[in-house]
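Take a look at the structure below.
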Amino acid sequence: SDPLVEYLIRHGDDRLVLGHRLSEWCGHAPILEEDIALGNIALDLLGQATSLLGLAAEQEGKGRDADALAFFREAVEFRNVQLVELPRGDFAVTLVRQFLFDAYDVLVTEALSRSAHAPLAGVMAKAHKEARYHVRHSGEWVVRLGDGTDESHRRAQRALDDLWRFTSEPFLMDDVDRAMLAAGIGADLDALRPRWEASVREVMTEAGLQIPGGAFVARGGRTGRHTEHLGHMLAEMQIVARSHPGATW
Amino acid sequence: SDPLVEYLIRHGDDRLVLGHRLSEWCGHAPILEEDIALGNIALDLLGQATSLLGLAAEQEGKGRDADALAFFREAVEFRNVQLVELPRGDFAVTLVRQFLFDAYDVLVTEALSRSAHAPLAGVMAKAHKEARYHVRHSGEWVVRLGDGTDESHRRAQRALDDLWRFTSEPFLMDDVDRAMLAAGIGADLDALRPRWEASVREVMTEAGLQIPGGAFVARGGRTGRHTEHLGHMLAEMQIVARSHPGATW
Amino acid sequence: MTQQATPTEDPALLAEFEARIARGESIEPKDWMPERYRRQLVRMMSQHAHSEVVGMLPEGNWITRAPSLRRKLSLLAKVQDEAGHGLYIYCGTETLGVDRQQLLEELITGKAKYSSIFNYPTLTWADMGVIGWFVDGAAIVNQTALAKHCSYGPYKRAMVRVCKEENFHKKQGFESVAALAQGTPAQHAMVQDAVDRWWWPTLMMFGPPDSDSPNSAELLRWGVKKYTNDELRQRFVNLTIPQAQAVGLTLPDPSLRFDEATGNWVFGEIDWNEFWQVVKGDGPCNRERVAARRAAHEDGEWVRAAATAHAEKKAARGATRAA
Amino acid sequence: MTQQATPTEDPALLAEFEARIARGESIEPKDWMPERYRRQLVRMMSQHAHSEVVGMLPEGNWITRAPSLRRKLSLLAKVQDEAGHGLYIYCGTETLGVDRQQLLEELITGKAKYSSIFNYPTLTWADMGVIGWFVDGAAIVNQTALAKHCSYGPYKRAMVRVCKEENFHKKQGFESVAALAQGTPAQHAMVQDAVDRWWWPTLMMFGPPDSDSPNSAELLRWGVKKYTNDELRQRFVNLTIPQAQAVGLTLPDPSLRFDEATGNWVFGEIDWNEFWQVVKGDGPCNRERVAARRAAHEDGEWVRAAATAHAEKKAARGATRAA
């Protein structure tokens with residue numbers, strides 16, 4: 001299949017799934033100001049997803065639209081990285097995961113804002129501006145939690161320990177990435193990885209958090225091999241749409 | 001609509017929803033023996049639900065079957081009492097809720113085993129035998145938890161405090177119940193209530209648990225006015241079936 | 001609201017206060033005001049803020065299940081707006097000397113009042129459109145009057161902002177309702193069922209009948225109220241019924257009829273027993289709403305504690321470096 | 001498995017032991033047995049019990065989403081059977097002097113081994129049928145041999161019971177697969193995708209190739225093993241491929257061909273890197289499986305403590321009354 005379609009769906013799915021996970025906090029955050037902040041980040045991500053999946057559907061040319069992709073694909077057809085589909089956990093899990101993604105997002109959106117595919121570049125230029133706000137917000141929280149109380153430190157460290165193995169997948173390049181890079185459309189993820197590590201180490205040091213050892217790399221999302229979490233998330237996300245096939249809303 | 005169909009659906013839905021809630025424990029119970037016990041109770045309840053919804057669909061005569069009723073109705077069309085749709089919570093919530101239902105079940109299945117509607121009587125006669133095992137199992141656990149450790153007592157008391165307001169609904173009689181009772185088909189729930197209270201008080205006393213005061217009665221499930229929990233439960237339960245309308249499995 | 005004994009207000013100050021209001025002047029935080037006026041505003045504003053915050057729950061319940069990306073973003077943005085309104089109005093209550101922490105405490109212990117409508121559960125996707133149409137619609141009828149006439153400056157200005165956003169929400173809600181009403185038979189049935197469940201509770205949002213509302217005279221004189229409960233209720237009904245007719249939906253009221261003479265839609269008897277039950281705390285999900293707010297607060301305690309601890313550490317380091 | 005130094009076994013006892021086995025006699029718990037034999041059985045039986053228990057998780061993952069009542073009950077009953085098998089075999093290990101608590105501790109700390117197949121996630125409903133067909137099918141090939149030939153009485157008898165139930169599960173699994181394969185295009189695609197994901201991991205269930213299995217000779221002599229890994233793997237492949245063909249499903253192996261001379265289906269190279277990764281703990285969801293068992297255990301601590309406390313109170317009351 002068309003690697004460009006695949007590529008757009010990957011990045012669209014990352015933001016759809018992560019935006020959905022963030023939206024689960026609505027009405028349940030520890031402070032009203034954070035309900036608003038997390039909601040705003042979710043809106044940004046879901047907006048990006050809508051654009052990217054729309055571009056993918058158009059490029060695919062089979063009459064699907066962004067909603068068809070979002071609400072009528074099975075879990076094995078989704079192409080997000082596993083990192084974003086993990087349950088939101090407690091506030092530490094959410095913010096540590098968010099920071100790990102935001103630090104990547106700031107880099108990948110910057111790279112893709114220079115994509116030879118103009119519509120993609122446009123979406124990513126806007127996304128980059130949003131990512132800069134996101135990473136500041138999540139980075140500040142990682143520091144607050146890591147360097148807050150004993151309890152917040154413990155929760156943040158546990159979150160980091162549990163999430164670390166999922167942080168390689170966003171940077172793994174395969175044939176699709178290489179084809180896109182060669183075409184001037186995609187990002188050089190290999191080049192982004194060390195920059196991501198540097199910025200993550202800086203924040204973790206300030207937060208007093210230890211980056212885990214261990215070489216195990218969790219992967220598979222980019223080819224539809226997800227964790228068992230995604231299916232349950234999609235049950236909730238898709239139930240109304242699936243219950244009324246062909247309806248408009 | 002036909003009160004008999006309504007009646008069969010009510011009792012079928014109670015057991016479908018409660019059986020589903022119990023099945024959520026599979027693989028996660030505190031002891032392997034309890035995984036088996038809860039699973040067996042779930043099997044009994046789901047088996048009863050299958051029979052009752054099958055009878056309802058037959059009586060309705062519109063070409064639906066038990067699966068159509070279970071997997072293709074909306075939350076507002078379900079007729080279970082609210083008690084059974086509440087989340088499973090911790091082990092205390094599950095077992096206290098189970099006991100409160102089982103104590104009712106033992107009585108209502110006995111009454112309905114004498115129903116003038118022979119198929120219903122048959123299903124309920126078998127269900128009554130099962131209910132006697134269920135209530136012994138759940139009653140023993142309520143005592144173990146209430147009269148176990150401080151922590152188990154606290155959890156059991158909190159469960160009882162939170163669940164009590166949902167225990168009136170199974171006994172509330174409306175026009176459907178009165179029509180069924182008049183036809184010799186249904187149970188006299190008013191007559192069952194004091195017997196239920198007596199057996200519940202006995203177990204709670206042995207367990208050292210206080211029956212809450214407060215007159216508020218939660219209700220609405222029998223007419224489709226559910227809590228917000230049922231919709232989320234059905235999203236999970238129905239997603240695969242709904243994603244493949246018309247398919248057989 | 002219980003009438004509490006208040007210190008005898010200086011009659012000269014009181015007269016000047018009432019004259020200012022009669023002249024249409026705004027009362028600002030630093031101005032003199034009768035204690036009963038201050039209490040009334042605190043009650044109204046805190047109830048409004050609590051309502052915005054609690055109101056996030058019935059709608060937040062459906063964000064994860066919104067059936068299209070546009071509706072998902074739209075609903076999330078609506079709930080965001082509500083959070084923002086709550087925040088803004090809480091800040092407004094602080095201008096009247098109220099401690100926000102105490103307000104939060106009252107909410108999570110079930111002592112605070114908030115709009116009764118949010119004690120009803122959202123059972124289908126169609127409830128989202130109907131809430132925007134009915135509930136925001138009813139709130140707008142109430143708040144438009146406040147935005148024009150409320151004598152207390154901070155609250156009046158808050159109402160202007162809130163109304164603007166809520167008008168947009170109502171429009172989007174009605175648009176969703178129309179799409180459902182004109183959609184598939186299942187969608188039409190879904191939205192009709194939602195209308196049947198939300199209509200009467202919405203009419204109860206305007207409060208008890210005028211015959212049952214003891215404070216009205218004073219509130220009208222002090223520019224806290226401009227119209228009576230029944231007047232606002234009737235205005236909402238007159239606005240809404242033609243909208244329902246336009247999209248082929250009925251209201252669950254067999255008594256409904258249009259009175260040519262008054263130009264009013266005459267409607268049936270409201271079940272005031274249900275109203276008082278819900279206000280008293282015995283509605284379908286009062287306990288669940290309070291429990292959800294309390295859980296968010298308690299589960300989030302360690303987060304707030306971390307933010308405080310970190311801020312203190314930062315300040316201490318700053319002080320050390322400065323020293 | 002590391003070879004540990006064992007006490008020198010009495011050669012006369014060892015000879016008699018091996019003669020009994022050669023005569024086809026059962027070794028029972030109270031009989032003399034070499035320490036290495038005991039350890040081998042403990043290893044096999046505990047791994048089997050752990051596998052049953054961990055195996056509840058990938059299948060339990062779909063009970064709440066089973067798309068028909070019959071399938072829901074069937075899947076729940078299957079997982080129940082597995083729990084029962086686990087319980088039964090844990091009791092069997094106790095006959096060899098093992099403490100069940102210690103076995104549980106090893107499982108939740110990630111030290112215990114269990115069948116590698118359960119470290120793969122179940123991603124669609126079709127995985128349920130394929131697991132019954134492939135995984136129970138592979139287990140049966142292995143366990144049928146044990147049920148006929150295993151020298152240790154308790155384990156042999158357990159295998160007879162287990163095989164009977166697992167044959168039923170395999171039948172139901174294949175029946176589900178057939179229904180999907182012959183169903184809608186979406187169902188066919190779903191089950192084909194499941195087959196493509198589960199085939200190679202299933203072949204890995206039979207363990208490393210014979211060339212890589214150091215213990216085999218002794219195990220064969222002691223009646224703990226009857227057939228080699230490769231023999232059992234080939235038997236499974238020969239059984240299964242015609243079944244796939246019968247329902248129009250392909251296997252994800254372009255090398256597959258039938259060899260007339262041997263009557264075997266010749267298959268491609270297994271990725272032994274993947275096998276060792278998974279065995280080592282780095283499969284797709286090893287960590288998640290162990291974490292789930294640990295969570296169930298830790299979250300349930302207060303329940304077990306309550307049961308113990310209550311039993312003690314009852315006993316004390318009984319003693320008091322008797323006194």
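Residue numbering restarts at 1 for every chain of the structure tokens, chains are lettered A, B, ... in their displayed order, and ligands are numbered from 1 as they appear.
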Got a sec to tell me which of stretch 129-277 of chain D DSSP assigns to strand (DSSP E), as an MDAnalysis selection string? chainID D and resid 257:259 264:266
Can those selected residues be exported to a file as a short mmCIF file (atom, residue, chain, number, x, y, z; two decimals), in the first residue's frame so that it contains all heavy atoms?
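In the end it all went to result37.cif:
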data_model
loop_
_atom_site.label_atom_id
_atom_site.label_comp_id
_atom_site.auth_asym_id
_atom_site.auth_seq_id
_atom_site.Cartn_x
_atom_site.Cartn_y
_atom_site.Cartn_z
N ARG D 257 5.28 -27.24 2.47
CA ARG D 257 4.95 -28.17 1.39
C ARG D 257 4.83 -29.58 1.97
O ARG D 257 5.45 -29.90 2.97
CB ARG D 257 6.02 -28.13 0.30
CG ARG D 257 7.41 -28.50 0.78
CD ARG D 257 8.43 -28.59 -0.34
NE ARG D 257 9.69 -29.06 0.22
CZ ARG D 257 9.96 -30.34 0.48
NH1 ARG D 257 9.07 -31.29 0.18
NH2 ARG D 257 11.13 -30.71 1.02
N PHE D 258 4.01 -30.37 1.32
CA PHE D 258 3.79 -31.74 1.78
C PHE D 258 4.82 -32.68 1.15
O PHE D 258 5.04 -32.65 -0.05
CB PHE D 258 2.37 -32.18 1.41
CG PHE D 258 2.00 -33.52 1.98
CD1 PHE D 258 1.83 -33.67 3.35
CD2 PHE D 258 1.84 -34.63 1.15
CE1 PHE D 258 1.49 -34.90 3.89
CE2 PHE D 258 1.50 -35.88 1.69
CZ PHE D 258 1.34 -36.01 3.06
N ASP D 259 5.48 -33.45 2.01
CA ASP D 259 6.48 -34.39 1.52
C ASP D 259 5.86 -35.79 1.44
O ASP D 259 5.65 -36.44 2.46
CB ASP D 259 7.70 -34.40 2.46
CG ASP D 259 8.77 -35.38 2.02
OD1 ASP D 259 8.82 -35.72 0.83
OD2 ASP D 259 9.56 -35.80 2.90
N ASN D 264 4.99 -36.04 5.94
CA ASN D 264 5.05 -34.85 6.80
C ASN D 264 4.86 -33.58 6.00
O ASN D 264 5.25 -33.47 4.84
CB ASN D 264 6.43 -34.75 7.48
CG ASN D 264 6.60 -35.78 8.58
OD1 ASN D 264 5.62 -36.21 9.20
ND2 ASN D 264 7.84 -36.17 8.82
N TRP D 265 4.28 -32.60 6.65
CA TRP D 265 4.29 -31.25 6.11
C TRP D 265 5.61 -30.61 6.52
O TRP D 265 5.93 -30.50 7.70
CB TRP D 265 3.12 -30.44 6.70
CG TRP D 265 1.84 -30.71 5.98
CD1 TRP D 265 0.91 -31.65 6.30
CD2 TRP D 265 1.39 -30.07 4.79
NE1 TRP D 265 -0.12 -31.63 5.38
CE2 TRP D 265 0.15 -30.66 4.44
CE3 TRP D 265 1.89 -29.03 3.98
CZ2 TRP D 265 -0.59 -30.27 3.32
CZ3 TRP D 265 1.16 -28.66 2.87
CH2 TRP D 265 -0.07 -29.27 2.54
N VAL D 266 6.39 -30.24 5.50
CA VAL D 266 7.68 -29.60 5.75
C VAL D 266 7.43 -28.11 5.93
O VAL D 266 6.76 -27.48 5.12
CB VAL D 266 8.65 -29.83 4.59
CG1 VAL D 266 9.97 -29.14 4.86
CG2 VAL D 266 8.84 -31.32 4.35
#
List the neighbours of stretch 185-189 of chain B out to 12 Å using only C-alpha atoms; skip same-chain residues closer than 6 positions along the sequence, and give me the result as a ChimeraX atom specification. /B:3-8,10-11,104-105,107-121,124,168-179,195-196
Set the cut-off to 7 Å and count only C-alpha atoms: what are the residues of chain D that reach chain A? Output as a PDB file with N, CA, C and O atoms, in the first residue's frame.
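Result file iface11.pdb:
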ATOM      1  N   PRO D 121      -0.187 -11.050  23.086  1.00  0.00           N
ATOM      2  CA  PRO D 121      -1.460 -10.395  23.391  1.00  0.00           C
ATOM      3  C   PRO D 121      -2.596 -10.915  22.511  1.00  0.00           C
ATOM      4  O   PRO D 121      -2.370 -11.333  21.377  1.00  0.00           O
ATOM      5  N   THR D 122      -3.806 -10.881  23.052  1.00  0.00           N
ATOM      6  CA  THR D 122      -4.975 -11.234  22.245  1.00  0.00           C
ATOM      7  C   THR D 122      -5.598  -9.942  21.740  1.00  0.00           C
ATOM      8  O   THR D 122      -6.048  -9.115  22.529  1.00  0.00           O
ATOM      9  N   LEU D 123      -5.578  -9.786  20.429  1.00  0.00           N
ATOM     10  CA  LEU D 123      -5.922  -8.490  19.831  1.00  0.00           C
ATOM     11  C   LEU D 123      -7.292  -8.419  19.159  1.00  0.00           C
ATOM     12  O   LEU D 123      -7.766  -7.330  18.862  1.00  0.00           O
ATOM     13  N   ASP D 282      11.347 -11.193  27.497  1.00  0.00           N
ATOM     14  CA  ASP D 282      11.214 -10.011  26.632  1.00  0.00           C
ATOM     15  C   ASP D 282      10.251 -10.241  25.473  1.00  0.00           C
ATOM     16  O   ASP D 282      10.468  -9.763  24.370  1.00  0.00           O
ATOM     17  N   PRO D 284       6.178  -9.928  23.894  1.00  0.00           N
ATOM     18  CA  PRO D 284       5.287  -8.770  23.799  1.00  0.00           C
ATOM     19  C   PRO D 284       4.600  -8.395  25.109  1.00  0.00           C
ATOM     20  O   PRO D 284       4.408  -7.210  25.373  1.00  0.00           O
TER      21      PRO D 284
END
As a VMD selection string, please: the residues near A:Gly208 (cut-off 10 Å, only C-alpha atoms, same-chain neighbours under 3 positions excluded). chain A and resid 142 to 143 145 to 148 153 156 to 157 202 to 205 211
Any chance you could export the current selection's N, CA and C atoms as a PDB file, in the first residue's frame?
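Output (again-v1.pdb):
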ATOM      1  N   VAL A 142       6.554  17.239  35.471  1.00  0.00           N
ATOM      2  CA  VAL A 142       7.478  16.142  35.807  1.00  0.00           C
ATOM      3  C   VAL A 142       8.427  16.614  36.913  1.00  0.00           C
ATOM      4  N   VAL A 143       8.881  17.852  36.794  1.00  0.00           N
ATOM      5  CA  VAL A 143       9.787  18.387  37.823  1.00  0.00           C
ATOM      6  C   VAL A 143       9.052  18.560  39.143  1.00  0.00           C
ATOM      7  N   LEU A 145       6.519  16.929  40.250  1.00  0.00           N
ATOM      8  CA  LEU A 145       6.229  15.636  40.860  1.00  0.00           C
ATOM      9  C   LEU A 145       7.505  14.928  41.315  1.00  0.00           C
ATOM     10  N   GLY A 146       8.527  14.982  40.477  1.00  0.00           N
ATOM     11  CA  GLY A 146       9.770  14.327  40.856  1.00  0.00           C
ATOM     12  C   GLY A 146      10.421  14.999  42.052  1.00  0.00           C
ATOM     13  N   ASP A 147      10.326  16.311  42.099  1.00  0.00           N
ATOM     14  CA  ASP A 147      10.947  17.091  43.162  1.00  0.00           C
ATOM     15  C   ASP A 147       9.879  17.748  44.031  1.00  0.00           C
ATOM     16  N   GLY A 148       8.859  16.971  44.391  1.00  0.00           N
ATOM     17  CA  GLY A 148       7.775  17.491  45.210  1.00  0.00           C
ATOM     18  C   GLY A 148       7.807  16.844  46.584  1.00  0.00           C
ATOM     19  N   HIS A 153       7.238  11.762  44.240  1.00  0.00           N
ATOM     20  CA  HIS A 153       8.486  11.267  43.657  1.00  0.00           C
ATOM     21  C   HIS A 153       8.383   9.776  43.358  1.00  0.00           C
ATOM     22  N   ALA A 156       6.091   9.219  40.404  1.00  0.00           N
ATOM     23  CA  ALA A 156       6.717   9.637  39.146  1.00  0.00           C
ATOM     24  C   ALA A 156       7.810   8.653  38.733  1.00  0.00           C
ATOM     25  N   GLN A 157       8.558   8.170  39.707  1.00  0.00           N
ATOM     26  CA  GLN A 157       9.619   7.223  39.370  1.00  0.00           C
ATOM     27  C   GLN A 157       9.019   5.917  38.860  1.00  0.00           C
ATOM     28  N   GLU A 202      17.793  15.991  30.772  1.00  0.00           N
ATOM     29  CA  GLU A 202      17.878  17.279  31.466  1.00  0.00           C
ATOM     30  C   GLU A 202      16.705  17.444  32.435  1.00  0.00           C
ATOM     31  N   VAL A 203      15.508  17.156  31.940  1.00  0.00           N
ATOM     32  CA  VAL A 203      14.331  17.307  32.807  1.00  0.00           C
ATOM     33  C   VAL A 203      14.337  16.284  33.926  1.00  0.00           C
ATOM     34  N   MET A 204      14.712  15.049  33.626  1.00  0.00           N
ATOM     35  CA  MET A 204      14.719  14.020  34.668  1.00  0.00           C
ATOM     36  C   MET A 204      15.743  14.346  35.754  1.00  0.00           C
ATOM     37  N   THR A 205      16.867  14.935  35.336  1.00  0.00           N
ATOM     38  CA  THR A 205      17.864  15.331  36.336  1.00  0.00           C
ATOM     39  C   THR A 205      17.284  16.395  37.250  1.00  0.00           C
ATOM     40  N   ILE A 211      16.618   7.546  35.167  1.00  0.00           N
ATOM     41  CA  ILE A 211      16.196   6.905  33.927  1.00  0.00           C
ATOM     42  C   ILE A 211      16.521   5.413  34.042  1.00  0.00           C
TER      43      ILE A 211
END
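On all C-alpha atoms, the superposed RMSD for chain D relative to chain C stands at 0.0 Å.
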Got a sec: who's within 7 Å of C:Trp302, counting only C-alpha atoms, leaving out chain neighbours fewer than 3 positions off, as a list in words? Ser152 of chain A; Ala305 and Ala306 of chain C
Selected residues, C-alpha atoms, written as a tab-separated table (two decimals), in the first residue's frame, please.
chain	number	residue	atom	x	y	z
A	152	SER	CA	4.87	12.24	44.24
C	305	ALA	CA	0.74	18.63	47.91
C	306	ALA	CA	3.56	18.01	45.43
Quick one: residues within 8 Å of stretch 208-216 of chain D, only C-alpha atoms, excluding same-chain residues fewer than 2 positions away - as an mmCIF file with N, CA, C and O atoms, in the first residue's frame?
data_model
loop_
_atom_site.group_PDB
_atom_site.id
_atom_site.type_symbol
_atom_site.label_atom_id
_atom_site.label_comp_id
_atom_site.auth_asym_id
_atom_site.auth_seq_id
_atom_site.Cartn_x
_atom_site.Cartn_y
_atom_site.Cartn_z
ATOM 1 N N MET D 204 6.516 -22.653 18.494
ATOM 2 C CA MET D 204 7.568 -22.487 19.506
ATOM 3 C C MET D 204 7.185 -23.121 20.838
ATOM 4 O O MET D 204 8.038 -23.352 21.690
ATOM 5 N N PHE D 206 6.512 -26.011 21.464
ATOM 6 C CA PHE D 206 7.106 -27.343 21.640
ATOM 7 C C PHE D 206 8.559 -27.275 22.093
ATOM 8 O O PHE D 206 9.197 -28.302 22.291
ATOM 9 N N GLU D 218 17.866 -38.512 29.308
ATOM 10 C CA GLU D 218 17.495 -38.948 30.662
ATOM 11 C C GLU D 218 15.984 -38.895 30.861
ATOM 12 O O GLU D 218 15.411 -39.811 31.460
ATOM 13 N N LEU D 219 15.382 -37.816 30.320
ATOM 14 C CA LEU D 219 13.937 -37.670 30.472
ATOM 15 C C LEU D 219 13.201 -38.809 29.785
ATOM 16 O O LEU D 219 12.194 -39.311 30.291
ATOM 17 N N LEU D 220 13.719 -39.233 28.633
ATOM 18 C CA LEU D 220 13.081 -40.338 27.923
ATOM 19 C C LEU D 220 13.214 -41.625 28.739
ATOM 20 O O LEU D 220 12.252 -42.384 28.876
ATOM 21 N N LYS D 225 9.425 -38.046 29.420
ATOM 22 C CA LYS D 225 9.194 -37.632 28.038
ATOM 23 C C LYS D 225 9.100 -38.911 27.237
ATOM 24 O O LYS D 225 9.782 -39.887 27.526
ATOM 25 N N THR D 228 10.290 -36.578 21.310
ATOM 26 C CA THR D 228 11.113 -35.374 21.338
ATOM 27 C C THR D 228 10.304 -34.147 20.953
ATOM 28 O O THR D 228 9.192 -34.257 20.424
ATOM 29 N N ASN D 229 10.885 -32.943 21.208
ATOM 30 C CA ASN D 229 10.236 -31.683 20.843
ATOM 31 C C ASN D 229 9.875 -31.666 19.354
ATOM 32 O O ASN D 229 8.751 -31.343 18.973
ATOM 33 N N ASP D 230 10.852 -32.009 18.524
ATOM 34 C CA ASP D 230 10.621 -31.936 17.078
ATOM 35 C C ASP D 230 9.559 -32.920 16.626
ATOM 36 O O ASP D 230 8.766 -32.623 15.715
ATOM 37 N N TRP D 272 14.303 -18.630 16.131
ATOM 38 C CA TRP D 272 14.675 -19.002 17.496
ATOM 39 C C TRP D 272 15.114 -17.800 18.334
ATOM 40 O O TRP D 272 15.036 -17.828 19.562
#
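Distance-wise, atom CA of B:Asp14 and atom CA of B:Gln82 end up 8.8 Å apart.
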